Each structure stands twice: as C-alpha cells, then as structure tokens.
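Content type compact mmCIF, C-alpha atoms, from the file model06.txt:
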# COMPACT_ATOMS: atom_id res chain seq x y z
CA MET U 226 0.00 0.00 0.00
CA SER U 227 1.38 3.39 -0.96
CA ARG U 228 2.31 6.04 1.62
CA PRO U 229 2.72 9.74 0.80
CA ASP U 230 6.10 10.08 2.53
CA LEU U 231 7.79 7.04 0.98
CA GLN U 232 11.47 7.50 0.20
CA PRO U 233 12.91 6.11 -3.07
CA GLU U 234 14.91 3.40 -1.28
CA GLU U 235 11.74 2.21 0.50
CA VAL U 236 9.87 1.32 -2.69
CA VAL U 237 10.24 -2.36 -3.53
CA TYR U 238 8.00 -5.07 -4.92
CA PHE U 239 8.96 -8.73 -4.66
CA ALA U 240 7.53 -12.20 -4.04
CA VAL U 241 8.97 -15.09 -2.02
CA PRO U 242 7.54 -18.36 -0.68
CA VAL U 243 5.92 -18.10 2.75
CA ASN U 244 8.24 -20.82 4.04
CA SER U 245 11.37 -18.81 3.25
CA PRO U 246 13.94 -18.88 6.10
CA GLY U 247 13.46 -15.87 8.37
CA LEU U 248 9.90 -15.13 7.23
CA GLN U 249 7.23 -15.40 9.92
CA LEU U 250 3.44 -15.01 9.87
CA ILE U 251 1.76 -13.69 13.02
CA CYS U 252 -1.94 -14.61 12.73
CA ARG U 253 -4.80 -13.06 14.63
CA GLN U 254 -7.10 -15.16 16.80
CA PRO U 255 -9.35 -17.30 14.58
CA LEU U 256 -13.05 -16.52 14.55
CA ALA U 257 -14.27 -20.09 14.09
CA PRO U 258 -16.52 -20.81 17.13
CA PRO U 259 -16.55 -23.96 19.27
CA ASN U 260 -20.17 -24.65 18.23
CA PRO U 261 -20.09 -24.52 14.41
CA GLU U 262 -23.67 -25.79 14.07
CA ASP U 263 -24.92 -22.37 15.24
CA HIS U 264 -22.60 -20.41 12.93
CA PRO U 265 -23.29 -20.96 9.23
CA LEU U 266 -20.47 -18.71 7.98
CA SER U 267 -17.34 -18.40 10.10
CA PRO U 268 -16.40 -22.12 10.29
CA HIS U 269 -16.17 -22.14 6.49
CA TRP U 270 -15.41 -18.56 5.41
CA ASP U 271 -13.18 -17.00 8.05
CA GLU U 272 -10.35 -15.45 6.02
CA MET U 273 -7.25 -15.32 8.19
CA ASP U 274 -5.41 -12.01 8.67
CA ALA U 275 -1.72 -11.94 9.55
CA MET U 276 1.33 -9.74 9.93
CA VAL U 277 4.38 -10.73 7.88
CA LEU U 278 7.76 -10.36 9.58
CA PHE U 279 11.03 -10.40 7.61
CA ASP U 280 14.11 -11.23 9.67
CA ASP U 281 17.12 -11.36 7.32
CA VAL U 282 15.12 -13.00 4.52
CA PHE U 283 17.05 -13.63 1.29
CA ILE U 284 15.25 -12.23 -1.78
CA PRO U 285 16.63 -13.58 -5.10
CA TRP U 286 17.02 -10.94 -7.81
CA ASP U 287 14.69 -12.86 -10.12
CA ARG U 288 11.93 -12.39 -7.51
CA VAL U 289 12.32 -8.59 -7.35
CA PHE U 290 9.83 -6.81 -9.62
CA TYR U 291 10.49 -3.16 -8.76
CA LEU U 292 13.27 -1.50 -6.78
CA ARG U 293 13.63 2.16 -5.84
CA GLN U 294 12.58 5.26 -7.72
CA SER U 295 14.29 4.86 -11.08
CA ASP U 296 13.82 8.46 -12.27
CA PRO U 297 14.67 11.13 -9.66
CA GLU U 298 13.28 13.79 -12.01
CA ASP U 299 9.84 12.15 -11.97
CA PRO U 300 8.61 11.84 -8.34
CA SER U 301 5.18 10.76 -9.57
CA LEU U 302 6.54 7.58 -11.17
CA TYR U 303 5.79 5.39 -8.17
CA ALA U 304 2.31 6.90 -7.78
CA ARG U 305 1.57 6.13 -11.44
CA LEU U 306 3.01 2.64 -11.06
CA PHE U 307 0.85 2.03 -7.99
CA GLN U 308 -2.28 3.29 -9.72
CA GLY U 309 -1.53 1.15 -12.77
CA ALA U 310 -1.03 -1.93 -10.62
CA MET U 311 -4.25 -1.15 -8.80
CA GLY U 312 -6.22 -0.49 -11.98
CA ILE U 313 -8.10 -3.76 -11.67
CA GLY U 314 -8.25 -3.61 -7.87
CA PRO U 315 -11.41 -1.52 -7.40
CA TRP U 316 -13.19 -3.68 -9.97
CA TYR U 317 -12.64 -7.01 -8.23
CA VAL U 318 -13.53 -5.34 -4.90
CA LEU U 319 -16.70 -4.10 -6.56
CA VAL U 320 -17.63 -7.60 -7.73
CA ARG U 321 -17.09 -8.96 -4.21
CA MET U 322 -19.20 -6.20 -2.68
CA ALA U 323 -21.97 -6.82 -5.22
CA VAL U 324 -22.13 -10.47 -4.14
CA LYS U 325 -22.29 -9.36 -0.51
CA ALA U 326 -25.10 -6.98 -1.48
CA GLU U 327 -27.02 -9.98 -2.82
CA VAL U 328 -26.56 -11.75 0.52
CA LEU U 329 -27.67 -8.65 2.44
CA LEU U 330 -30.82 -8.29 0.35
CA GLY U 331 -31.50 -12.01 0.70
CA ILE U 332 -31.28 -11.90 4.50
CA CYS U 333 -33.51 -8.83 4.68
CA ALA U 334 -36.16 -10.29 2.37
CA ALA U 335 -36.07 -13.73 4.01
CA MET U 336 -36.43 -12.32 7.52
CA ALA U 337 -39.36 -10.14 6.43
CA GLU U 338 -40.98 -13.23 4.92
CA TYR U 339 -40.48 -15.39 8.02
CA LEU U 340 -41.70 -12.65 10.35
CA GLY U 341 -44.69 -11.83 8.14
CA THR U 342 -43.73 -8.16 7.84
CA THR U 343 -43.11 -7.92 4.08
CA LYS U 344 -46.19 -5.72 3.48
CA GLN U 345 -45.47 -3.27 6.28
CA PRO U 346 -44.54 0.16 4.83
CA HIS U 347 -41.35 0.65 6.84
CA VAL U 348 -40.15 -2.84 5.89
CA GLN U 349 -40.84 -2.15 2.21
CA MET U 350 -38.81 1.07 2.50
CA ALA U 351 -35.93 -0.93 3.95
CA LEU U 352 -36.17 -3.59 1.24
CA ALA U 353 -36.24 -0.85 -1.41
CA ASP U 354 -33.00 0.59 0.01
CA ALA U 355 -31.38 -2.87 -0.10
CA ILE U 356 -32.54 -3.32 -3.72
CA VAL U 357 -31.16 0.10 -4.71
CA TYR U 358 -27.84 -0.73 -3.02
CA LEU U 359 -27.54 -3.96 -5.01
CA GLU U 360 -28.71 -2.61 -8.35
CA THR U 361 -26.42 0.42 -8.08
CA MET U 362 -23.47 -1.92 -7.56
CA ARG U 363 -24.50 -3.92 -10.62
CA ALA U 364 -24.79 -0.72 -12.65
CA PHE U 365 -21.27 0.30 -11.59
CA ILE U 366 -19.95 -3.11 -12.69
CA HIS U 367 -21.67 -2.75 -16.06
CA SER U 368 -20.25 0.75 -16.52
CA ALA U 369 -16.69 -0.33 -15.61
CA GLU U 370 -16.80 -3.31 -17.96
CA THR U 371 -18.50 -1.68 -20.95
CA ASN U 372 -16.22 1.38 -20.87
CA PRO U 373 -12.79 -0.28 -20.51
CA VAL U 374 -9.44 1.47 -20.69
CA ARG U 375 -6.12 0.35 -22.15
CA SER U 376 -3.03 -0.04 -20.03
CA GLN U 377 0.36 1.14 -21.31
CA SER U 378 1.19 -2.47 -22.13
CA GLY U 379 -2.01 -2.88 -24.16
CA LEU U 380 -4.13 -4.78 -21.65
CA THR U 381 -7.86 -4.08 -21.50
CA LEU U 382 -8.88 -3.14 -17.96
CA PRO U 383 -12.20 -2.22 -16.33
CA ASN U 384 -12.63 1.53 -16.17
CA TRP U 385 -11.00 2.70 -12.95
CA ILE U 386 -13.27 5.72 -12.38
CA PRO U 387 -16.69 4.01 -12.01
CA ALA U 388 -15.05 1.12 -10.16
CA GLN U 389 -13.47 3.50 -7.65
CA ALA U 390 -16.70 5.46 -7.29
CA ALA U 391 -18.49 2.17 -6.63
CA ARG U 392 -15.98 1.24 -3.96
CA ILE U 393 -16.70 4.49 -2.14
CA PHE U 394 -20.46 4.00 -2.52
CA SER U 395 -20.28 0.41 -1.26
CA ILE U 396 -18.15 1.25 1.78
CA GLU U 397 -20.42 4.11 2.84
CA GLY U 398 -23.57 2.01 2.40
CA TYR U 399 -22.36 -1.24 3.96
CA PRO U 400 -22.82 -0.26 7.65
CA ARG U 401 -26.32 1.02 6.86
CA MET U 402 -27.23 -2.33 5.28
CA LEU U 403 -26.05 -4.18 8.39
CA GLN U 404 -28.12 -1.89 10.60
CA MET U 405 -31.10 -2.59 8.34
CA ILE U 406 -30.74 -6.31 9.05
CA ARG U 407 -30.72 -5.63 12.80
CA GLU U 408 -33.82 -3.48 12.58
CA LEU U 409 -35.74 -5.98 10.45
CA CYS U 410 -34.88 -8.83 12.84
CA GLY U 411 -35.56 -6.88 16.02
CA SER U 412 -34.71 -8.44 19.38
CA GLY U 413 -35.23 -11.90 17.92
CA ILE U 414 -31.75 -11.74 16.46
CA LEU U 415 -30.43 -12.14 20.03
CA MET U 416 -32.74 -14.91 21.16
CA SER U 417 -32.61 -17.66 18.57
CA PRO U 418 -32.17 -20.97 20.48
CA ASN U 419 -28.90 -22.75 19.83
CA GLU U 420 -28.60 -26.34 18.69
CA THR U 421 -27.43 -27.51 22.11
CA ASP U 422 -30.64 -26.24 23.72
CA MET U 423 -32.79 -27.60 20.91
CA ASN U 424 -31.30 -31.08 21.40
CA ASN U 425 -31.29 -30.96 25.21
CA SER U 426 -33.47 -33.66 26.76
CA GLU U 427 -34.82 -31.30 29.43
CA VAL U 428 -35.53 -28.06 27.57
CA GLY U 429 -35.55 -29.07 23.89
CA HIS U 430 -39.16 -30.27 23.90
CA GLN U 431 -40.24 -27.11 25.74
CA ILE U 432 -38.65 -24.92 23.07
CA ARG U 433 -40.39 -26.89 20.36
CA ARG U 434 -43.66 -26.69 22.27
CA PHE U 435 -43.71 -22.97 23.09
CA PHE U 436 -41.58 -21.48 20.31
CA VAL U 437 -42.17 -23.80 17.39
CA GLY U 438 -45.57 -25.28 18.00
CA GLU U 439 -47.31 -26.31 14.82
CA ASN U 440 -45.37 -23.83 12.67
CA GLU U 441 -42.72 -25.92 10.97
CA ARG U 442 -41.12 -22.77 9.53
CA THR U 443 -40.12 -21.50 12.97
CA GLN U 444 -36.99 -23.63 13.05
CA GLU U 445 -36.11 -22.28 9.60
CA CYS U 446 -36.57 -18.79 11.03
CA PHE U 447 -34.16 -19.66 13.84
CA ARG U 448 -31.53 -20.66 11.29
CA MET U 449 -32.05 -17.44 9.34
CA LEU U 450 -31.71 -15.42 12.55
CA LYS U 451 -28.38 -17.14 13.20
CA LEU U 452 -27.21 -16.19 9.72
CA ALA U 453 -28.34 -12.60 10.31
CA TRP U 454 -26.58 -12.54 13.68
CA GLU U 455 -23.29 -13.77 12.27
CA TYR U 456 -23.43 -11.38 9.32
CA ALA U 457 -24.53 -8.24 11.20
CA CYS U 458 -23.57 -8.67 14.86
CA ASP U 459 -21.00 -11.38 15.54
CA SER U 460 -17.21 -11.15 15.35
CA PHE U 461 -17.21 -12.63 11.85
CA GLY U 462 -19.47 -9.85 10.55
CA SER U 463 -17.45 -7.19 12.38
CA ARG U 464 -14.27 -8.45 10.76
CA GLN U 465 -15.93 -8.34 7.33
CA LEU U 466 -16.98 -4.73 7.93
CA LEU U 467 -13.50 -3.66 9.08
CA PHE U 468 -11.89 -5.44 6.15
CA GLU U 469 -14.08 -3.67 3.59
CA MET U 470 -13.64 -0.27 5.25
CA TYR U 471 -9.84 -0.39 5.28
CA ASN U 472 -8.87 -2.83 2.54
CA VAL U 473 -6.75 -0.96 -0.03
CA ALA U 474 -6.66 2.20 2.12
CA SER U 475 -9.28 4.14 4.05
CA LEU U 476 -12.42 5.76 2.73
CA ALA U 477 -10.80 9.21 2.85
CA THR U 478 -7.77 8.01 0.86
CA ASN U 479 -9.99 6.41 -1.77
CA LYS U 480 -11.97 9.64 -2.11
CA GLN U 481 -8.74 11.58 -2.58
CA ARG U 482 -7.58 9.11 -5.23
CA LEU U 483 -10.85 9.54 -7.09
CA VAL U 484 -10.69 13.35 -7.03
CA ASN U 485 -7.03 13.38 -8.10
CA SER U 486 -7.75 11.07 -11.04
CA TYR U 487 -10.98 12.69 -12.22
CA ASP U 488 -11.00 15.35 -14.93
CA LEU U 489 -13.06 18.16 -13.43
CA SER U 490 -12.30 20.74 -16.12
CA PRO U 491 -15.33 20.03 -18.41
CA PHE U 492 -17.70 20.51 -15.48
CA VAL U 493 -15.96 23.68 -14.32
CA HIS U 494 -16.22 24.98 -17.89
CA LEU U 495 -19.94 24.11 -18.01
CA ALA U 496 -20.63 25.89 -14.71
CA LYS U 497 -18.76 29.00 -15.84
CA GLU U 498 -20.63 29.01 -19.16
CA LEU U 499 -23.98 28.84 -17.36
CA ALA U 500 -22.88 31.63 -15.04
CA GLY U 501 -21.98 33.82 -18.02
CA ILE U 502 -18.26 33.80 -17.28
CA ASN U 503 -16.11 34.11 -20.39
CA GLU U 504 -12.85 32.29 -20.00
CA ARG U 505 -9.85 34.03 -21.55
Write the structure described by the file as structure tokens, please.
Amino acid sequence: MSRPDLQPEEVVYFAVPVNSPGLQLICRQPLAPPNPEDHPLSPHWDEMDAMVLFDDVFIPWDRVFYLRQSDPEDPSLYARLFQGAMGIGPWYVLVRMAVKAEVLLGICAAMAEYLGTTKQPHVQMALADAIVYLETMRAFIHSAETNPVRSQSGLTLPNWIPAQAARIFSIEGYPRMLQMIRELCGSGILMSPNETDMNNSEVGHQIRRFFVGENERTQECFRMLKLAWEYACDSFGSRQLLFEMYNVASLATNKQRLVNSYDLSPFVHLAKELAGINER
C-alpha cells in the first residue's frame, strides 16, 4: 500500500515463498466458534489475517519486480506505477461487494418473509433501500466493464473511475445495510435458540412446544436469525466490515484518489458558461 512520505529506497515489490527462512506469519485469533452448528459462515469462510515479519530474509534478484525510484526527475513515477497496478483492484472489490449486497438483500427479504412483515410500509422502505444498493453496484460493474481502458502495455482493464466510485459507494452504504438487518430482525436476532438447547433432553421439547408449536417454519426462522446474527452482529461480521472499510486504504484516501484522477475541467467549464463567465 502506498504512503505519501515514501522514500525512493523504500519502494520495492517482490515475491517469495511463505516458508522462506526468516519469514514469519503472526496470525490473529481465529473466529471459528466452538459450536459450528450455530454459525453458518465463520467455520467455512473465516479469512485469516496476519502480519508478515522479515528477519534477514534472502530475496533472489529474479523475484524482485520493482526496486527504488528509477527516475529522480519524476517523483510521480511510483504513484503512477501504484495506480496502474491497482487499476483492476477496485473492480474485483466491486464484484465482491456486489455479491455481498445480494446476501444482504436475501437476508432482509427472508427475515421479512419469516416474520410476516413484508407488506409493512417501513419494511418495504428498507427492502427498497437494499434493492437500490444492489442494483447500483450492478450498474457500476456494467459501466466499468462496458467502458474499458487500455493499459500502457495494451491490456484491456475495467474503467477505474466508475469502479473506484463504486468502492466508495459500497463502503459508505455497507454499515447502513447491516443496521437494516438488525432493525428488520428486532430483538429476535439475540434470542434464537442454539442447537445444544434444541437437542437438550430437558428443555428441547419445551422450546419446540412454546416457540415452534405447529409452525414448521419457525426452526427455519431460527436458522435465518443465526445467519443474520453472524453477518450483522458477531465477530465474523465485524471483521468483514473492518476489512471492507480499510482494505486498499481508508475511505478518505480512496476519495482523494478519485478526485485526483478525475478530470473536473469540463464541469468547471460548463458551470462558468452557465454563469456567463467568459474564460480568456
């Protein structure tokens, strides 16, 4: 990740095997719970985060891709190199966020169905917001793919501008979508019985008697509430939110990148023309 105060000798790109002598990975605590039957996501989809420590690691020259600022007269070279390398980055992030938007809409719609609240006006407003969030992401993907740009080496890449704009839109909307899940579920998101209680010889039949009754869909609702809990409240969901907010720099940095890469001059010219200002 680029840093504004990088010195030329600090800029290096390379790749080495993770089992190289002197290289260590310091992993965070795993999020997989001891009772995986109550957690539909984290036992299968917890993506490990780690710090990489280099202690006198040998890097062969054929594994070094970029070293130092090669042109002292062009301080923007590294910035342009970084942006070129990241040209496809916002696009693949956008695709991932669009898939997550599908999951968010699915949870919202399913919970409204199970709770019988789909026709309530405030629930329909929430579902409309989730639909707009998803369809806007899809529109950004379509725009980035149907208006590609050429790299200096001749590769066709998704258009960086709509992809970057979509990344900003998705990050800003993601916490609101999670809060929407919490509001649609209500307090029930906290109280879904776990599998241990459901299978307990003393209380399991009581839960089925008073909570489930003759409604066979109640147990399905419990499972959906567990999915909603893990996605919007549990440590797994919190990690997902933090990852999206700070992956490939912060929201503020991504906004600055967009402004610095966007040609504002046609719009300034249009505004001045409407205001009757004659440019000399």
Review point. Contacts of U:Ala257 at 9 Å or less, counting all atoms listed in the file, minus same-chain residues fewer than 5 places along, as number ranges by chain?
Key: U: 264, 266-271, 461
**Study point:** Coordinates-based distance that separates atom CA of U:Ala391 from atom CA of U:Met470 (Å, one decimal)
**Key:** 13.1 Å
Check your understanding: Could you pull the residues within 12 Å of U:Thr361, counting all atoms listed in the file, minus those fewer than 4 positions along the same chain, as JSON, numbers by chain?
Key -> {"U": [319, 320, 322, 323, 326, 327, 353, 354, 355, 356, 357, 365, 366, 367, 368, 387, 388, 390, 391, 392, 394, 395, 398]}
Exercise for review: Could you check how far atom CA of U:Ile432 sits from atom CA of U:Arg448, in Å to one decimal?
Suggested key: 14.4 Å
Practice item. Please provide as a list in words all residues within 12 Å of U:Arg401, with the sequence filter that same-chain residues fewer than 2 positions apart are discarded (counting all atoms listed in the file). Key: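 Answer for this query is Ala326, Leu329, Ala351, Asp354, Ala355, Tyr358, Phe394, Ser395, Ile396, Glu397, Gly398, Tyr399, Leu403, Gln404, Met405, Ile406, Arg407, Glu408, Ala457 and Leu466 of chain U.
One distance worth recording is that between atom CA of U:Val237 and atom CA of U:Gln249, which is 19.0 Å.
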Exercise for review: Excluding U:Thr342 and residues on its chain fewer than 4 positions from it, collect all residues at most 12 Å away from it, counting all atoms listed in the file, and give them as a list of chain:residue names.
Suggested key: U:Cys333, U:Ala334, U:Ala335, U:Met336, U:Ala337, U:Glu338, U:Pro346, U:His347, U:Val348, U:Gln349, U:Met350, U:Ala351, U:Leu352, U:Glu408, U:Leu409, U:Cys410, U:Gly411
Starting from 6 Å padding per side, set up an axis-aligned box that covers all listed atoms of stretch 346-361 of chain U and hand over centre and edge lengths in Å, one decimal, as lines of an AutoDock Vina configuration file.
center_x = -35.5
center_y = -1.4
center_z = -0.8
size_x = 30.1
size_y = 17.0
size_z = 27.2
**Study point:** Selected residue, from U:Asn260, U:Pro315, U:Val324, U:Asp287, that lies nearest to U:Glu360 when counting only C-alpha atoms
**Key:**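 Looking at the shortest contact to U:Glu360, the residue is U:Val324.
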Practice item. Please tell me which residues are no farther than 12 Å from (-13.6, -8.2, 13.9) in the file, counting all atoms listed in the file, and write them as a list of chain:residue names. Key: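 With a cut-off of 12 Å, the residues come to U:Arg253, U:Gln254, U:Pro255, U:Leu256, U:Ala257, U:Ser267, U:Asp271, U:Glu272, U:Met273, U:Asp274, U:Glu455, U:Tyr456, U:Ala457, U:Cys458, U:Asp459, U:Ser460, U:Phe461, U:Gly462, U:Ser463, U:Arg464, U:Gln465, U:Leu466, U:Leu467, U:Phe468, U:Glu469, U:Met470.
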Point to revise | Selected residue of minimal separation from U:Lys480 among U:Val277, U:Met402, U:Ile386, U:Leu415, counting all atoms listed in the file | key: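 Using all atoms listed in the file, U:Lys480 sits closest to U:Ile386.
Using all atoms listed in the file for every distance, the candidate list U:Leu450, U:Ile313, U:Asp263, U:Gln431 yields U:Ile313 as the residue closest to U:Pro373.
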Review point. Taking all atoms listed in the file into account, which of U:Leu340, U:Val318, U:Ile414, U:Val282 comes nearest U:Arg442?
Key: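 Between U:Leu340, U:Val318, U:Ile414, U:Val282, the residue approaching U:Arg442 most closely is U:Leu340.
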